[in-house]
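Structure file structure-v7.cif (mmCIF, C-alpha atoms) follows.
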data_structure
loop_
_atom_site.group_PDB
_atom_site.id
_atom_site.type_symbol
_atom_site.label_atom_id
_atom_site.label_comp_id
_atom_site.auth_asym_id
_atom_site.auth_seq_id
_atom_site.Cartn_x
_atom_site.Cartn_y
_atom_site.Cartn_z
ATOM 1 C CA MET A 1 20.769 9.510 60.573
ATOM 2 C CA ALA A 2 20.186 6.342 62.590
ATOM 3 C CA ALA A 3 19.623 3.088 60.693
ATOM 4 C CA GLY A 4 16.087 2.728 62.093
ATOM 5 C CA THR A 5 15.107 6.226 60.974
ATOM 6 C CA ASN A 6 16.482 5.531 57.523
ATOM 7 C CA THR A 7 14.442 2.330 57.227
ATOM 8 C CA LEU A 8 11.328 4.133 58.391
ATOM 9 C CA GLU A 9 11.787 6.884 55.835
ATOM 10 C CA THR A 10 12.309 4.260 53.135
ATOM 11 C CA VAL A 11 9.022 2.626 54.134
ATOM 12 C CA ARG A 12 7.197 5.971 53.954
ATOM 13 C CA ARG A 13 8.457 6.623 50.428
ATOM 14 C CA LYS A 14 7.801 3.073 49.314
ATOM 15 C CA VAL A 15 4.219 3.096 50.620
ATOM 16 C CA ILE A 16 3.445 6.409 48.910
ATOM 17 C CA SER A 17 4.907 5.381 45.550
ATOM 18 C CA THR A 18 3.367 1.888 45.709
ATOM 19 C CA LEU A 19 -0.090 3.211 46.562
ATOM 20 C CA ARG A 20 0.068 5.964 43.961
ATOM 21 C CA ARG A 21 1.058 3.485 41.232
ATOM 22 C CA GLY A 22 -1.298 0.718 42.377
ATOM 23 C CA LEU A 23 -4.334 2.956 42.825
ATOM 24 C CA LYS A 24 -3.764 4.591 39.451
ATOM 25 C CA ALA A 25 -4.225 1.161 37.902
ATOM 26 C CA HIS A 26 -7.647 1.093 39.597
ATOM 27 C CA GLY A 27 -8.556 4.513 38.201
ATOM 28 C CA VAL A 28 -7.854 6.378 41.435
ATOM 29 C CA ASN A 29 -5.646 9.450 41.434
ATOM 30 C CA PRO A 30 -4.917 10.110 45.116
ATOM 31 C CA LYS A 31 -3.219 12.678 47.322
ATOM 32 C CA ILE A 32 -1.327 10.775 49.998
ATOM 33 C CA HIS A 33 -0.259 12.164 53.373
ATOM 34 C CA ALA A 34 1.874 10.360 55.917
ATOM 35 C CA GLU A 35 2.053 11.142 59.601
ATOM 36 C CA SER A 36 4.174 9.652 62.291
ATOM 37 C CA ALA A 37 2.423 7.204 64.644
ATOM 38 C CA VAL A 38 3.203 5.073 67.685
ATOM 39 C CA ASN A 39 5.936 7.312 69.095
ATOM 40 C CA GLY A 40 7.593 7.730 65.729
ATOM 41 C CA THR A 41 8.039 3.994 65.103
ATOM 42 C CA LYS A 42 5.346 3.620 62.432
ATOM 43 C CA TRP A 43 3.329 5.587 59.869
ATOM 44 C CA ARG A 44 -0.313 6.419 59.505
ATOM 45 C CA PHE A 45 -1.517 7.363 56.008
ATOM 46 C CA SER A 46 -4.452 9.224 54.567
ATOM 47 C CA VAL A 47 -5.266 8.652 50.936
ATOM 48 C CA ILE A 48 -7.631 11.282 49.584
ATOM 49 C CA SER A 49 -9.387 11.077 46.234
ATOM 50 C CA GLU A 50 -12.765 11.887 44.744
ATOM 51 C CA ASP A 51 -12.418 8.663 42.795
ATOM 52 C CA PHE A 52 -13.182 6.759 46.030
ATOM 53 C CA ALA A 53 -16.736 8.141 46.134
ATOM 54 C CA PRO A 54 -18.509 5.140 44.570
ATOM 55 C CA TRP A 55 -16.407 2.620 46.512
ATOM 56 C CA LEU A 56 -17.470 1.037 49.778
ATOM 57 C CA HIS A 57 -15.048 1.603 52.667
ATOM 58 C CA SER A 58 -14.411 -2.129 52.805
ATOM 59 C CA GLU A 59 -13.526 -2.173 49.079
ATOM 60 C CA ARG A 60 -11.091 0.705 49.560
ATOM 61 C CA GLN A 61 -9.347 -1.164 52.372
ATOM 62 C CA ASP A 62 -9.313 -4.414 50.367
ATOM 63 C CA VAL A 63 -7.610 -2.779 47.422
ATOM 64 C CA ILE A 64 -5.148 -0.734 49.476
ATOM 65 C CA TRP A 65 -3.915 -3.645 51.566
ATOM 66 C CA ARG A 66 -3.711 -5.907 48.523
ATOM 67 C CA ILE A 67 -1.530 -3.336 46.728
ATOM 68 C CA LEU A 68 0.688 -2.936 49.792
ATOM 69 C CA ARG A 69 1.019 -6.689 50.330
ATOM 70 C CA GLU A 70 2.221 -7.190 46.772
ATOM 71 C CA SER A 71 5.125 -4.762 47.118
ATOM 72 C CA LEU A 72 6.120 -4.522 50.781
ATOM 73 C CA SER A 73 7.897 -7.113 52.886
ATOM 74 C CA ALA A 74 6.255 -8.448 56.056
ATOM 75 C CA GLU A 75 8.549 -6.270 58.190
ATOM 76 C CA GLU A 76 7.745 -3.182 56.131
ATOM 77 C CA LEU A 77 3.995 -3.838 56.412
ATOM 78 C CA LEU A 78 4.293 -3.757 60.186
ATOM 79 C CA LYS A 79 5.501 -0.150 59.921
ATOM 80 C CA VAL A 80 2.138 0.802 58.404
ATOM 81 C CA THR A 81 -0.744 1.440 60.790
ATOM 82 C CA ILE A 82 -4.105 2.677 59.564
ATOM 83 C CA VAL A 83 -4.540 3.794 55.979
ATOM 84 C CA LEU A 84 -7.557 6.070 55.732
ATOM 85 C CA ALA A 85 -9.059 6.098 52.263
ATOM 86 C CA LEU A 86 -11.404 9.045 51.991
ATOM 87 C CA THR A 87 -12.998 11.484 49.603
ATOM 88 C CA LYS A 88 -12.365 15.208 50.149
ATOM 89 C CA LYS A 89 -15.744 15.597 51.859
ATOM 90 C CA GLU A 90 -15.111 12.668 54.175
ATOM 91 C CA ALA A 91 -11.657 13.997 55.000
ATOM 92 C CA VAL A 92 -13.220 17.116 56.518
ATOM 93 C CA GLY A 93 -15.663 15.054 58.544
ATOM 94 C CA ASP A 94 -18.655 15.007 56.209
ATOM 95 C CA PHE A 95 -19.774 11.385 55.953
ATOM 96 C CA SER A 96 -23.246 12.127 54.626
ATOM 97 C CA MET B 97 -35.752 10.486 115.583
ATOM 98 C CA GLU B 98 -32.022 11.164 115.756
ATOM 99 C CA GLU B 99 -31.327 7.477 115.198
ATOM 100 C CA ALA B 100 -33.566 7.465 112.130
ATOM 101 C CA MET B 101 -31.777 10.499 110.723
ATOM 102 C CA SER B 102 -28.407 8.875 111.359
ATOM 103 C CA ARG B 103 -29.567 5.766 109.478
ATOM 104 C CA LYS B 104 -30.724 7.984 106.644
ATOM 105 C CA ARG B 105 -27.329 9.686 106.480
ATOM 106 C CA LYS B 106 -25.551 6.341 106.347
ATOM 107 C CA ARG B 107 -27.685 5.038 103.487
ATOM 108 C CA ARG B 108 -25.582 4.187 100.470
ATOM 109 C CA PRO B 109 -26.034 6.400 97.439
ATOM 110 C CA LYS B 110 -28.389 4.989 94.840
ATOM 111 C CA VAL B 111 -26.488 3.264 92.058
ATOM 112 C CA SER B 112 -27.447 4.434 88.601
ATOM 113 C CA VAL B 113 -26.081 3.790 85.140
ATOM 114 C CA PHE B 114 -25.850 7.551 84.834
ATOM 115 C CA ASN B 115 -23.346 7.829 87.699
ATOM 116 C CA ARG B 116 -19.761 8.218 86.583
ATOM 117 C CA PHE B 117 -18.386 4.701 86.756
ATOM 118 C CA ARG B 118 -14.768 3.848 87.344
ATOM 119 C CA PRO B 119 -13.904 0.196 86.818
ATOM 120 C CA SER B 120 -11.703 -1.049 89.625
ATOM 121 C CA ARG B 121 -10.493 -4.217 87.861
ATOM 122 C CA TRP B 122 -9.431 -4.970 84.314
ATOM 123 C CA GLN B 123 -11.791 -7.956 84.215
ATOM 124 C CA GLN B 124 -14.751 -5.579 84.568
ATOM 125 C CA VAL B 125 -13.673 -3.647 81.490
ATOM 126 C CA CYS B 126 -13.302 -6.855 79.458
ATOM 127 C CA THR B 127 -16.704 -8.081 80.655
ATOM 128 C CA VAL B 128 -18.292 -4.863 79.409
ATOM 129 C CA GLY B 129 -16.430 -5.483 76.135
ATOM 130 C CA ASP B 130 -17.979 -8.962 75.922
ATOM 131 C CA ARG B 131 -21.443 -7.512 76.551
ATOM 132 C CA ARG B 132 -21.075 -4.849 73.877
ATOM 133 C CA TYR B 133 -19.897 -7.531 71.452
ATOM 134 C CA ASP B 134 -22.965 -9.633 72.299
ATOM 135 C CA ASP B 135 -25.138 -6.548 71.654
ATOM 136 C CA ALA B 136 -23.374 -6.087 68.315
ATOM 137 C CA LEU B 137 -23.964 -9.734 67.370
ATOM 138 C CA PHE B 138 -27.641 -9.434 68.327
ATOM 139 C CA LEU B 139 -28.097 -6.429 66.034
ATOM 140 C CA TYR B 140 -26.064 -8.061 63.280
ATOM 141 C CA ARG B 141 -27.777 -11.454 63.319
ATOM 142 C CA ARG B 142 -31.324 -10.648 64.320
ATOM 143 C CA GLY B 143 -31.770 -7.029 63.369
ATOM 144 C CA THR B 144 -32.652 -5.682 59.979
ATOM 145 C CA SER B 145 -30.074 -3.883 57.846
ATOM 146 C CA ALA B 146 -31.149 -0.654 59.553
ATOM 147 C CA ARG B 147 -29.366 -1.878 62.713
ATOM 148 C CA TRP B 148 -26.042 -2.788 61.066
ATOM 149 C CA ASN B 149 -24.431 0.626 61.622
ATOM 150 C CA SER B 150 -24.981 0.198 65.352
ATOM 151 C CA ALA B 151 -23.649 -3.357 65.175
ATOM 152 C CA VAL B 152 -20.436 -2.015 63.648
ATOM 153 C CA TYR B 153 -20.180 0.762 66.231
ATOM 154 C CA LEU B 154 -20.678 -1.624 69.166
ATOM 155 C CA ALA B 155 -18.269 -4.223 67.768
ATOM 156 C CA GLY B 156 -15.576 -1.537 67.443
ATOM 157 C CA LEU B 157 -16.324 -0.414 70.997
ATOM 158 C CA ALA B 158 -15.827 -4.001 72.213
ATOM 159 C CA VAL B 159 -12.290 -4.013 70.753
ATOM 160 C CA GLU B 160 -11.618 -0.641 72.397
ATOM 161 C CA LEU B 161 -12.766 -1.978 75.775
ATOM 162 C CA TYR B 162 -10.531 -5.055 75.512
ATOM 163 C CA LEU B 163 -7.529 -2.876 74.715
ATOM 164 C CA LYS B 164 -8.379 -0.680 77.696
ATOM 165 C CA GLY B 165 -8.740 -3.796 79.850
ATOM 166 C CA ALA B 166 -5.215 -4.777 78.853
ATOM 167 C CA LEU B 167 -3.964 -1.329 79.822
ATOM 168 C CA LEU B 168 -5.685 -1.477 83.204
ATOM 169 C CA LYS B 169 -4.246 -4.931 83.878
ATOM 170 C CA THR B 170 -0.720 -3.592 83.422
ATOM 171 C CA HIS B 171 -1.376 -0.206 85.052
ATOM 172 C CA PRO B 172 -3.944 -0.608 87.868
ATOM 173 C CA PHE B 173 -3.416 3.019 88.946
ATOM 174 C CA LEU B 174 -5.602 4.070 85.977
ATOM 175 C CA SER B 175 -8.780 3.103 87.809
ATOM 176 C CA SER B 176 -8.157 5.155 90.925
ATOM 177 C CA ALA B 177 -5.843 7.984 89.900
ATOM 178 C CA SER B 178 -7.190 11.487 89.503
ATOM 179 C CA LEU B 179 -5.976 13.915 86.900
ATOM 180 C CA GLY B 180 -5.104 16.473 89.620
ATOM 181 C CA THR B 181 -2.920 14.022 91.548
ATOM 182 C CA LEU B 182 -1.127 12.893 88.402
ATOM 183 C CA ARG B 183 -0.494 16.501 87.371
ATOM 184 C CA SER B 184 0.975 17.324 90.785
ATOM 185 C CA GLU B 185 3.144 14.197 90.613
ATOM 186 C CA GLY B 186 4.444 15.432 87.296
ATOM 187 C CA THR B 187 4.918 11.971 85.811
ATOM 188 C CA GLU B 188 4.328 12.526 82.135
ATOM 189 C CA TRP B 189 4.029 8.864 81.130
ATOM 190 C CA LYS B 190 1.261 8.369 83.678
ATOM 191 C CA LEU B 191 -0.579 11.443 82.411
ATOM 192 C CA ASN B 192 -0.287 10.202 78.831
ATOM 193 C CA LEU B 193 -1.650 6.795 79.794
ATOM 194 C CA TYR B 194 -4.487 8.387 81.776
ATOM 195 C CA ASP B 195 -5.400 10.483 78.759
ATOM 196 C CA LEU B 196 -5.309 7.442 76.496
ATOM 197 C CA PHE B 197 -7.395 5.316 78.868
ATOM 198 C CA TRP B 198 -10.112 7.846 79.671
ATOM 199 C CA ARG B 199 -10.274 9.981 76.544
ATOM 200 C CA SER B 200 -8.941 8.169 73.506
ATOM 201 C CA HIS B 201 -10.757 5.885 71.064
ATOM 202 C CA ASP B 202 -7.718 5.425 68.822
ATOM 203 C CA LEU B 203 -7.337 1.652 68.605
ATOM 204 C CA THR B 204 -3.809 1.813 67.185
ATOM 205 C CA GLU B 205 -2.520 4.032 69.989
ATOM 206 C CA LEU B 206 -4.302 1.894 72.585
ATOM 207 C CA MET B 207 -2.657 -1.239 71.181
ATOM 208 C CA SER B 208 0.718 0.499 71.116
ATOM 209 C CA ALA B 209 0.451 1.451 74.781
ATOM 210 C CA SER B 210 0.615 -2.273 75.601
ATOM 211 C CA PRO B 211 4.107 -3.222 74.349
ATOM 212 C CA ASP B 212 3.538 -6.943 75.014
ATOM 213 C CA LEU B 213 0.412 -6.968 72.839
ATOM 214 C CA LEU B 214 2.134 -4.959 70.139
ATOM 215 C CA SER B 215 5.164 -7.233 69.932
ATOM 216 C CA GLU B 216 2.960 -10.345 69.988
ATOM 217 C CA ILE B 217 0.681 -9.144 67.182
ATOM 218 C CA GLU B 218 3.779 -8.253 65.149
ATOM 219 C CA ARG B 219 5.355 -11.658 65.804
ATOM 220 C CA GLU B 220 2.174 -13.541 64.866
ATOM 221 C CA SER B 221 1.639 -11.397 61.784
ATOM 222 C CA LEU B 222 5.159 -12.078 60.538
ATOM 223 C CA SER B 223 4.628 -15.824 60.840
ATOM 224 C CA MET B 224 1.187 -15.543 59.152
ATOM 225 C CA HIS B 225 2.790 -13.610 56.298
ATOM 226 C CA ARG B 226 5.515 -16.220 55.909
ATOM 227 C CA ALA B 227 2.900 -18.966 55.963
ATOM 228 C CA GLY B 228 1.206 -17.235 53.019
ATOM 229 C CA ARG B 229 -1.965 -16.240 54.842
ATOM 230 C CA LYS B 230 -4.206 -13.958 52.795
ATOM 231 C CA ALA B 231 -4.323 -11.281 55.498
ATOM 232 C CA THR B 232 -2.236 -11.088 58.640
ATOM 233 C CA LEU B 233 -3.669 -10.274 62.060
ATOM 234 C CA TRP B 234 -1.979 -6.861 61.821
ATOM 235 C CA GLU B 235 -3.840 -6.081 58.600
ATOM 236 C CA THR B 236 -7.118 -7.284 60.073
ATOM 237 C CA PHE B 237 -6.591 -5.141 63.171
ATOM 238 C CA MET B 238 -5.715 -2.089 61.064
ATOM 239 C CA ARG B 239 -8.840 -2.565 58.997
ATOM 240 C CA VAL B 240 -10.914 -2.551 62.168
ATOM 241 C CA ALA B 241 -9.052 0.538 63.406
ATOM 242 C CA SER B 242 -9.322 2.550 60.179
ATOM 243 C CA TRP B 243 -12.795 1.553 59.167
ATOM 244 C CA ASN B 244 -14.108 2.377 62.607
ATOM 245 C CA VAL B 245 -13.075 6.016 62.197
ATOM 246 C CA ALA B 246 -15.135 6.375 59.040
ATOM 247 C CA VAL B 247 -18.131 4.256 59.881
ATOM 248 C CA ARG B 248 -18.759 5.638 63.351
ATOM 249 C CA TYR B 249 -19.938 8.998 62.014
ATOM 250 C CA THR B 250 -21.503 8.077 58.725
ATOM 251 C CA THR B 251 -25.145 8.661 57.921
ATOM 252 C CA VAL B 252 -24.821 6.230 55.035
ATOM 253 C CA GLN B 253 -26.242 2.751 55.542
ATOM 254 C CA VAL B 254 -23.598 0.051 56.028
ATOM 255 C CA THR B 255 -23.971 -2.636 53.363
ATOM 256 C CA ARG B 256 -24.192 -6.396 53.779
ATOM 257 C CA SER B 257 -20.641 -6.990 52.552
ATOM 258 C CA GLU B 258 -19.246 -4.209 54.780
ATOM 259 C CA VAL B 259 -20.933 -5.454 57.918
ATOM 260 C CA ASP B 260 -19.896 -9.047 57.150
ATOM 261 C CA THR B 261 -16.246 -8.050 56.658
ATOM 262 C CA PHE B 262 -16.164 -5.836 59.721
ATOM 263 C CA MET B 263 -17.836 -8.353 62.032
ATOM 264 C CA SER B 264 -15.542 -11.185 60.939
ATOM 265 C CA SER B 265 -12.496 -8.923 61.432
ATOM 266 C CA VAL B 266 -13.651 -7.965 64.926
ATOM 267 C CA LYS B 267 -14.321 -11.631 65.742
ATOM 268 C CA GLU B 268 -10.737 -12.551 64.833
ATOM 269 C CA VAL B 269 -9.222 -9.605 66.727
ATOM 270 C CA LEU B 270 -11.331 -10.204 69.852
ATOM 271 C CA LYS B 271 -10.507 -13.917 69.882
ATOM 272 C CA TRP B 272 -6.820 -13.065 69.799
ATOM 273 C CA LEU B 273 -7.173 -10.344 72.455
ATOM 274 C CA ARG B 274 -9.011 -12.714 74.797
ATOM 275 C CA GLU B 275 -6.210 -15.272 74.461
ATOM 276 C CA GLN B 276 -3.599 -12.639 75.184
ATOM 277 C CA ILE B 277 -5.262 -10.876 78.088
ATOM 278 C CA HIS B 278 -6.902 -13.676 80.091
#

Could you spell out this file's structure in structure tokens?
Amino acid sequence: MAAGTNTLETVRRKVISTLRRGLKAHGVNPKIHAESAVNGTKWRFSVISEDFAPWLHSERQDVIWRILRESLSAEELLKVTIVLALTKKEAVGDFS
Amino acid sequence: MEEAMSRKRKRRPKVSVFNRFRPSRWQQVCTVGDRRYDDALFLYRRGTSARWNSAVYLAGLAVELYLKGALLKTHPFLSSASLGTLRSEGTEWKLNLYDLFWRSHDLTELMSASPDLLSEIERESLSMHRAGRKATLWETFMRVASWNVAVRYTTVQVTRSEVDTFMSSVKEVLKWLREQIH
């Protein structure tokens, strides 16, 4: 495995474990999916949980990026693109 | 009579906003971006809360247009190329760019298709992080990109704090894009 791929995989695992732990402290129990982005050089994440329902989208993003910033290095953060924080309904396109 | 008919034939087609428009220069795309941002500001500042969803939508569109302007500046063929010609040429990278330019609204992928912009935003974000800034430009851009996906389709009213955060994020991203592109 190339060094770059290894680092990328490490970032994926670190983001998932950091978000799971950090969000749990906020009362959110999420399912987290990662998908490759930007020609396989970065990750895009979707964080799905019913516990997000009463939160504003801006609050979800505030909390997520604050959790990530506390645990990831600047270089690791640049491997993370968008982090969608959605309820199950929103994840299937229902934003009503 | 014949002369009159000839004049009629030569008359230029009526220009309408409903005609399919192909920008020929990157500056045109950025100008449209500026106008959509002005529209967004109008709705944000002078409209009631009922207009904030549209303000958010238009502000996100302004960022999209600037990113597309950057693409067109680097790849002028995007304004004149046709899908058929590109397919017959068989150049996959051109087809991918064409698809991105004309069909995509994914701000992250649009940014990534401009390697100079991508490396510059990464460089600036690293120095912001080291300087202890609360949020780097990368984070701000990603918040615009991710929030846009959700907000564009929602029937739920955007709140005061959401619209404030989104508009200030877009302001920062657009300011940076203008400096980079012009």

Quick one: everything within 8 Å of Phe45 of chain A, counting all atoms listed in the file, minus sequence neighbours fewer than 6 positions away in the same chain. Send it as JSON, numbers by chain. {"A": [32, 33, 34, 35, 80, 81, 82, 83, 84]}

Segment 191-193 of chain B: which residues within 9 Å, counting all atoms listed in the file, same-chain residues fewer than 6 positions away excluded, as an NGL selection string? :B and (167 or 171 or 174 or 179 or 182-183 or 209)

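Closest to Thr41 of chain A among B:Glu205, B:Glu275, B:Thr255, B:Asp212 is B:Glu205, based on all atoms listed in the file.
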
Here's the selection I'm unsure about, the PyMOL selection byres ((chain B) within 8 of (chain A)); applied to the file above, which residues does it give, as an MDAnalysis selection string? chainID B and resid 204:205 208 218 221:222 225:226 234:235 238:239 241:243 246 249:252 257:258 261

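Put simply, atom CA of Leu168 of chain B is 12.1 Å away from atom CA of Lys190 of chain B.
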